[in-house]
Amino acid sequence: MKNRNRRLLFPSPSVLNGAEREPQVSDFETLTKKAIGEGAFGEVYKVRHKVSKELYAIKVVGKQKVVAANLLPQLRREIRIMYSLNHPHIIKLYNHFEDDNNFYLVLELAEGGTLWGRLAKFKSFDEATAAQYLRELILALEYLHSRDPPIIHRDIKPENLLLDKEGRDGRIKVADFGWSNFFNADRTRMTYCGTLDYLAPEMINQQGHTTSLDLWNLGVLLFELLTGTAPFQAPTQAAMFEKILKVRITFPKNFPPLAKDLIMRLLRVNPAERIALQDILNHPWMQTHQPIRPTIVQNVQKEALPCPLEVNDETTADIPSEDPIKPFDESEFRVLSKPKKEEEKKEENPPPAPQAAENPTPAPTPTAYTQQVSTLETELKQTREENKRYRSQLEDKEAELERVKNRIQELEGVLAKLDNDCEEKRKAEKNLKDQLAEKSNKIAELKALQEDENKLYQEYEALRGKCLEKETELSLLKTEIENMEKLAKDKAAQAESLEKEIERVKGEIDQTKQKYSKSKSEMHDQFLKLSTEVDVLQKELQSKERDSSVVSLEALLTFTQENLEILKKRSRLENELLKQYQDANERLIQLDNKHTEMKLQYENDLAELRRKAESEIRELESSIVKPVEPNSDADLEVLKQRLKDSLENQKRNKAMYDELQHLQAMIQHYEKSLAFAQRQLQDLEFLRENDQKQIIQQDTLLQNYNQEIQEYRKKLQEARLV
């Protein structure tokens, strides 16, 4: 770094011990164009050291992002913690340096990538593989928790777990100690940090957390390794937090029972009830699945952290500052660069020792001693004056120091006041978070209400469409009913005209009968009269024959001729009457035959028409929603034509009265069908009115929902402004 005054981090241990100069970016060559890892504040690249040819991973963190996010103390703590760690299942930090723009962390290279990438590739792991990963992670956590003071990782998840090599043989390497911190038994940690899916109940409630926080993360991780998904997934943050606080987990049907038991022992709301790390290794599920590769075990002893942290910030308030700086072993860091060339030259070519003079200087004379004494007295006097000046300056410094102490006391008072204010602000922040959680719940409820509103609107649209369809069907049905009513009226008019025609035919038949009976009686009277006259004439003839003297032959002949004429006339009249009677009888027989024939034809036609009418009525009854358009006009024309033919052929037929009764029965049937259709129409009208009432109620409900949504949005905006 060119400008040392702009340094934000402390030097690395190797630079502090003088083992090397501070590394530079030019000491490395990048082996990949793209970053092998990315984070919120930096990227990771695979590099090779130009001199040693060793492979490393360099994490490049932008200074501006860190300073803007006020995460510089967190980065310092992360570097300090990683320097203190030396374990086969933890990524090693070899060195770090900075320039004007970035921080650089020289890390151990893990060729296998992240555990998350492997999990995404295989969707889930079998029990043996998951148990092996969990076993190696437990060894790393045992090492962290055994430090003095213990270290809490606080962000165990697949993205922060690396594999030292590709394939099934890759060993776990814990990385990313950005959220890690030291545990102080006298003061629990209160920082709200980590990934949402892995947050523990004590962190959500901000009750303070200890090393048992990592045990909760182990339970969540084991579930995700075996299923491929996190156990507390939910559509909203509030719903997820509710699941976490109540430990509501949905296990798959074929989930291993022993693994489920271990997960539930880890996911306890009370941190003190969670199973310990060593007990996890002795759990039946872990004992069932033995290691698939040799496990690297390291003897862990509690020791103070050796790396000095030359900063004074609140993030290290619980780290003992009295710990002496212990010397670093070569395993704690790796020398990446050489000392400066000038120092090397000084070490290689030390200055020559002074040689003895060939001609020694003669001893000084008394005059020379006197001069030297006077010179020394002058120098002593100057030294005393300088001492006085220094004492005066020292007194000024002491006075200034006293003022500084007083100022420090004042600042401590201000700091105490600020602490109180901070505590109040924390409480206010907690209240705001609670309010925000309530608002989130309300927002979730509003979203649910909005979804219900959308569903209701869709139902409303569907009902509206159905109503429109029903109105269309009703209009069609009304048209059909009007047609049927018109047809019934026409049939009634036809029946009335047919009844009149039948009455007229009946009158004509009665007149014919009367004329026939009158003529028959007249003929009978004439026959009787003629018979009487003939008898009288015969009697007279007989009497005249007996009295031949009285009657002449001419008179007898005349009488006989008259008698013959009368007999001929009688015979002719009888023949005419007989012929008229036979003709009338034949006409009646013909009329009866025609009547019978037309009656059969009419009954067949009427049955066919009744069948069609019943079919149409059944279709109307079974499908009122989709009425069938009848061919009533064509049927009516056919009926008219047939009725006309019947009237022409059956003018004198008494059976027309029966046909009229059948026609009236058919009309009554049509009237019943019309009444049924009208009842169906009334039912449909009633349903339509109910649908309209429901639509009005739904509109009112939607308006109320919209008003509540607007009020909640206003409240949410006010809360955000606060």
# chains A, B, ... in the order shown; residues from 1 in each chain; ligands from 1

$ residues_around --residues "region 702-707 of chain A" --least-positions-apart "2" --cutoff "10 Å" --atoms "only C-alpha atoms" --output "PDB file with N, CA and C atoms, in the first residue's frame"
ATOM      1  N   LEU A 446     -53.787  -9.142   4.080  1.00  0.00           N
ATOM      2  CA  LEU A 446     -54.320  -8.352   2.965  1.00  0.00           C
ATOM      3  C   LEU A 446     -54.116  -9.066   1.637  1.00  0.00           C
ATOM      4  N   LEU A 449     -56.620 -11.618   1.558  1.00  0.00           N
ATOM      5  CA  LEU A 449     -57.901 -10.994   1.234  1.00  0.00           C
ATOM      6  C   LEU A 449     -57.982 -10.599  -0.233  1.00  0.00           C
ATOM      7  N   GLN A 450     -56.822 -10.109  -0.735  1.00  0.00           N
ATOM      8  CA  GLN A 450     -56.816  -9.728  -2.147  1.00  0.00           C
ATOM      9  C   GLN A 450     -57.020 -10.949  -3.041  1.00  0.00           C
ATOM     10  N   ASP A 452     -58.650 -13.616  -2.081  1.00  0.00           N
ATOM     11  CA  ASP A 452     -60.078 -13.927  -1.957  1.00  0.00           C
ATOM     12  C   ASP A 452     -60.921 -12.976  -2.809  1.00  0.00           C
ATOM     13  N   GLU A 453     -60.470 -11.695  -2.808  1.00  0.00           N
ATOM     14  CA  GLU A 453     -61.190 -10.716  -3.632  1.00  0.00           C
ATOM     15  C   GLU A 453     -61.141 -11.101  -5.107  1.00  0.00           C
ATOM     16  N   ASN A 454     -59.944 -11.514  -5.543  1.00  0.00           N
ATOM     17  CA  ASN A 454     -59.824 -11.940  -6.946  1.00  0.00           C
ATOM     18  C   ASN A 454     -60.710 -13.151  -7.230  1.00  0.00           C
ATOM     19  N   LEU A 456     -63.422 -13.979  -5.555  1.00  0.00           N
ATOM     20  CA  LEU A 456     -64.808 -13.526  -5.557  1.00  0.00           C
ATOM     21  C   LEU A 456     -65.154 -12.791  -6.846  1.00  0.00           C
ATOM     22  N   TYR A 457     -64.182 -11.989  -7.320  1.00  0.00           N
ATOM     23  CA  TYR A 457     -64.433 -11.268  -8.568  1.00  0.00           C
ATOM     24  C   TYR A 457     -64.599 -12.252  -9.731  1.00  0.00           C
ATOM     25  N   ILE A 696     -74.832  -7.983  -5.589  1.00  0.00           N
ATOM     26  CA  ILE A 696     -74.825  -6.713  -4.849  1.00  0.00           C
ATOM     27  C   ILE A 696     -74.075  -6.877  -3.535  1.00  0.00           C
ATOM     28  N   GLN A 697     -74.334  -8.004  -2.820  1.00  0.00           N
ATOM     29  CA  GLN A 697     -73.602  -8.255  -1.568  1.00  0.00           C
ATOM     30  C   GLN A 697     -72.108  -8.372  -1.806  1.00  0.00           C
ATOM     31  N   GLN A 698     -71.730  -9.085  -2.884  1.00  0.00           N
ATOM     32  CA  GLN A 698     -70.294  -9.222  -3.189  1.00  0.00           C
ATOM     33  C   GLN A 698     -69.671  -7.879  -3.534  1.00  0.00           C
ATOM     34  N   ASP A 699     -70.412  -7.036  -4.291  1.00  0.00           N
ATOM     35  CA  ASP A 699     -69.889  -5.692  -4.594  1.00  0.00           C
ATOM     36  C   ASP A 699     -69.675  -4.894  -3.317  1.00  0.00           C
ATOM     37  N   THR A 700     -70.640  -4.977  -2.381  1.00  0.00           N
ATOM     38  CA  THR A 700     -70.492  -4.272  -1.098  1.00  0.00           C
ATOM     39  C   THR A 700     -69.288  -4.793  -0.330  1.00  0.00           C
ATOM     40  N   ILE A 709     -58.100  -2.215   2.667  1.00  0.00           N
ATOM     41  CA  ILE A 709     -56.764  -2.269   2.044  1.00  0.00           C
ATOM     42  C   ILE A 709     -56.154  -0.868   1.994  1.00  0.00           C
ATOM     43  N   GLN A 710     -56.953   0.143   1.610  1.00  0.00           N
ATOM     44  CA  GLN A 710     -56.442   1.519   1.544  1.00  0.00           C
ATOM     45  C   GLN A 710     -56.005   1.984   2.929  1.00  0.00           C
ATOM     46  N   GLU A 711     -56.820   1.674   3.976  1.00  0.00           N
ATOM     47  CA  GLU A 711     -56.443   2.074   5.342  1.00  0.00           C
ATOM     48  C   GLU A 711     -55.147   1.403   5.775  1.00  0.00           C
ATOM     49  N   TYR A 712     -55.014   0.078   5.490  1.00  0.00           N
ATOM     50  CA  TYR A 712     -53.786  -0.627   5.861  1.00  0.00           C
ATOM     51  C   TYR A 712     -52.588  -0.057   5.111  1.00  0.00           C
ATOM     52  N   ARG A 713     -52.781   0.292   3.843  1.00  0.00           N
ATOM     53  CA  ARG A 713     -51.667   0.872   3.089  1.00  0.00           C
ATOM     54  C   ARG A 713     -51.240   2.212   3.662  1.00  0.00           C
TER      55      ARG A 713
END

$ atom_distance --atom1 "CA of Thr236 (chain A)" --atom2 "CA of Leu436 (chain A)"
12.7 Å

$ atom_distance --atom1 "CA of Pro271 (chain A)" --atom2 "CA of Asn86 (chain A)"
27.7 Å

$ residues_around --residues "Lys123 (chain A)" --least-positions-apart "2" --cutoff "9 Å" --atoms "only C-alpha atoms" --output "PyMOL selection string"
chain A and resi 118-121+125+225-229

$ write_last_selection --atoms "C-alpha atoms" --output "tab-separated table (two decimals), in the first residue's frame"
chain	number	residue	atom	x	y	z
A	118	ARG	CA	-23.08	-30.32	-5.07
A	119	LEU	CA	-26.46	-30.48	-3.33
A	120	ALA	CA	-28.06	-28.58	-6.23
A	121	LYS	CA	-26.53	-31.09	-8.63
A	125	PHE	CA	-27.72	-36.91	-0.43
A	225	LEU	CA	-28.99	-32.46	3.02
A	226	LEU	CA	-31.49	-35.35	3.18
A	227	THR	CA	-34.42	-33.64	1.39
A	228	GLY	CA	-32.88	-30.89	-0.73
A	229	THR	CA	-35.13	-28.20	0.80

$ residues_around --residues "Leu137 (chain A)" --least-positions-apart "3" --cutoff "10 Å" --atoms "only C-alpha atoms" --output "PyMOL selection string"
chain A and resi 89-90+131-134+140-143+156+161+171-174+218

$ atom_distance --atom1 "CA of Val47 (chain A)" --atom2 "CA of Thr30 (chain A)"
4.4 Å

$ residues_around --residues "region 96-105 of chain A" --least-positions-apart "3" --cutoff "9 Å" --atoms "only C-alpha atoms" --output "compact mmCIF listing (two decimals) with N, CA and C atoms, in the first residue's frame"
# COMPACT_ATOMS: atom_id res chain seq x y z
N MET A 1 0.85 -1.19 0.00
CA MET A 1 0.00 0.00 0.00
C MET A 1 0.88 1.24 0.00
N LYS A 2 0.63 2.18 -0.91
CA LYS A 2 1.49 3.33 -1.06
C LYS A 2 1.35 4.28 0.11
N ASN A 3 0.14 4.62 0.50
CA ASN A 3 -0.10 5.56 1.58
C ASN A 3 -0.40 4.78 2.85
N ARG A 6 -3.42 5.65 5.23
CA ARG A 6 -4.78 5.28 4.84
C ARG A 6 -5.08 3.81 5.12
N ARG A 7 -4.22 3.14 5.85
CA ARG A 7 -4.45 1.74 6.19
C ARG A 7 -5.65 1.62 7.11
N LEU A 8 -6.53 0.65 6.80
CA LEU A 8 -7.72 0.41 7.61
C LEU A 8 -7.63 -0.88 8.41
N LEU A 9 -6.78 -1.82 7.97
CA LEU A 9 -6.61 -3.09 8.67
C LEU A 9 -5.23 -3.14 9.32
N PHE A 10 -5.09 -3.99 10.30
CA PHE A 10 -3.79 -4.21 10.92
C PHE A 10 -2.93 -5.07 10.00
N PRO A 11 -1.62 -5.00 10.10
CA PRO A 11 -0.75 -5.83 9.25
C PRO A 11 -0.91 -7.31 9.60
N SER A 12 -0.55 -8.16 8.65
CA SER A 12 -0.64 -9.59 8.88
C SER A 12 0.42 -10.03 9.89
N GLU A 22 4.98 -6.77 3.13
CA GLU A 22 3.54 -6.91 2.87
C GLU A 22 3.32 -7.35 1.43
N PRO A 23 2.48 -8.39 1.20
CA PRO A 23 2.24 -8.87 -0.18
C PRO A 23 1.58 -7.78 -1.03
N GLN A 24 1.63 -8.01 -2.33
CA GLN A 24 1.03 -7.10 -3.29
C GLN A 24 0.25 -7.91 -4.33
N VAL A 25 -0.62 -7.20 -5.04
CA VAL A 25 -1.41 -7.86 -6.08
C VAL A 25 -0.52 -8.41 -7.18
N ALA A 57 -6.66 -19.09 -3.03
CA ALA A 57 -7.91 -18.38 -3.36
C ALA A 57 -7.84 -17.01 -2.72
N ILE A 58 -7.97 -15.96 -3.51
CA ILE A 58 -7.91 -14.60 -2.99
C ILE A 58 -9.32 -14.02 -2.98
N LYS A 59 -9.73 -13.58 -1.80
CA LYS A 59 -11.02 -12.92 -1.66
C LYS A 59 -10.80 -11.42 -1.73
N VAL A 60 -11.40 -10.78 -2.74
CA VAL A 60 -11.24 -9.35 -2.97
C VAL A 60 -12.50 -8.66 -2.47
N VAL A 61 -12.32 -7.75 -1.48
CA VAL A 61 -13.44 -7.04 -0.86
C VAL A 61 -13.26 -5.55 -1.11
N GLY A 62 -14.27 -4.90 -1.66
CA GLY A 62 -14.20 -3.47 -1.94
C GLY A 62 -14.25 -2.65 -0.67
N LYS A 63 -13.32 -1.68 -0.56
CA LYS A 63 -13.27 -0.86 0.65
C LYS A 63 -14.51 0.02 0.79
N GLN A 64 -14.92 0.62 -0.31
CA GLN A 64 -16.05 1.55 -0.24
C GLN A 64 -17.31 0.84 0.25
N ILE A 79 -11.03 -11.46 10.14
CA ILE A 79 -9.62 -11.75 9.84
C ILE A 79 -8.91 -12.24 11.09
N LEU A 93 -6.68 -19.00 6.60
CA LEU A 93 -6.27 -17.68 6.10
C LEU A 93 -4.76 -17.57 6.25

$ closest_residue --among "A:Leu418, A:Ile151, A:Leu245, A:Ala492" --to "Arg77 (chain A)" --atoms "only C-alpha atoms"
A:Ile151

$ select_by_dssp --residues "region 182-269 of chain A" --states "strand (DSSP E or B)" --output "number ranges by chain"
A: 182, 184, 187, 189, 209

$ residues_around --residues "Leu85 (chain A)" --least-positions-apart "2" --cutoff "9 Å" --atoms "only C-alpha atoms" --output "PyMOL selection string"
chain A and resi 81-83+87+90-93+143-144+305+332

$ residues_around --residues "Leu716 (chain A)" --least-positions-apart "5" --cutoff "10 Å" --atoms "only C-alpha atoms" --output "CSV table (one decimal) with C-alpha atoms, in the first residue's frame"
chain,number,residue,atom,x,y,z
A,435,GLN,CA,-44.9,-3.5,14.6
A,436,LEU,CA,-43.3,-4.4,11.3
A,439,LYS,CA,-47.7,-5.1,9.6
A,440,SER,CA,-46.2,-8.0,7.7
A,442,LYS,CA,-51.5,-7.8,8.1
A,443,ILE,CA,-49.9,-7.5,4.7
A,710,GLN,CA,-56.4,1.5,1.5
A,711,GLU,CA,-56.4,2.1,5.3
A,721,LEU,CA,-42.1,7.0,7.4
A,722,VAL,CA,-41.6,6.6,11.2

$ closest_residue --among "A:Asp176, A:Glu522, A:Asp148, A:Glu473" --to "Val44 (chain A)" --atoms "only C-alpha atoms"
A:Asp176

$ closest_residue --among "A:Glu159, A:Asp421, A:Asp279, A:Asp126" --to "Leu215 (chain A)" --atoms "only C-alpha atoms"
A:Asp279
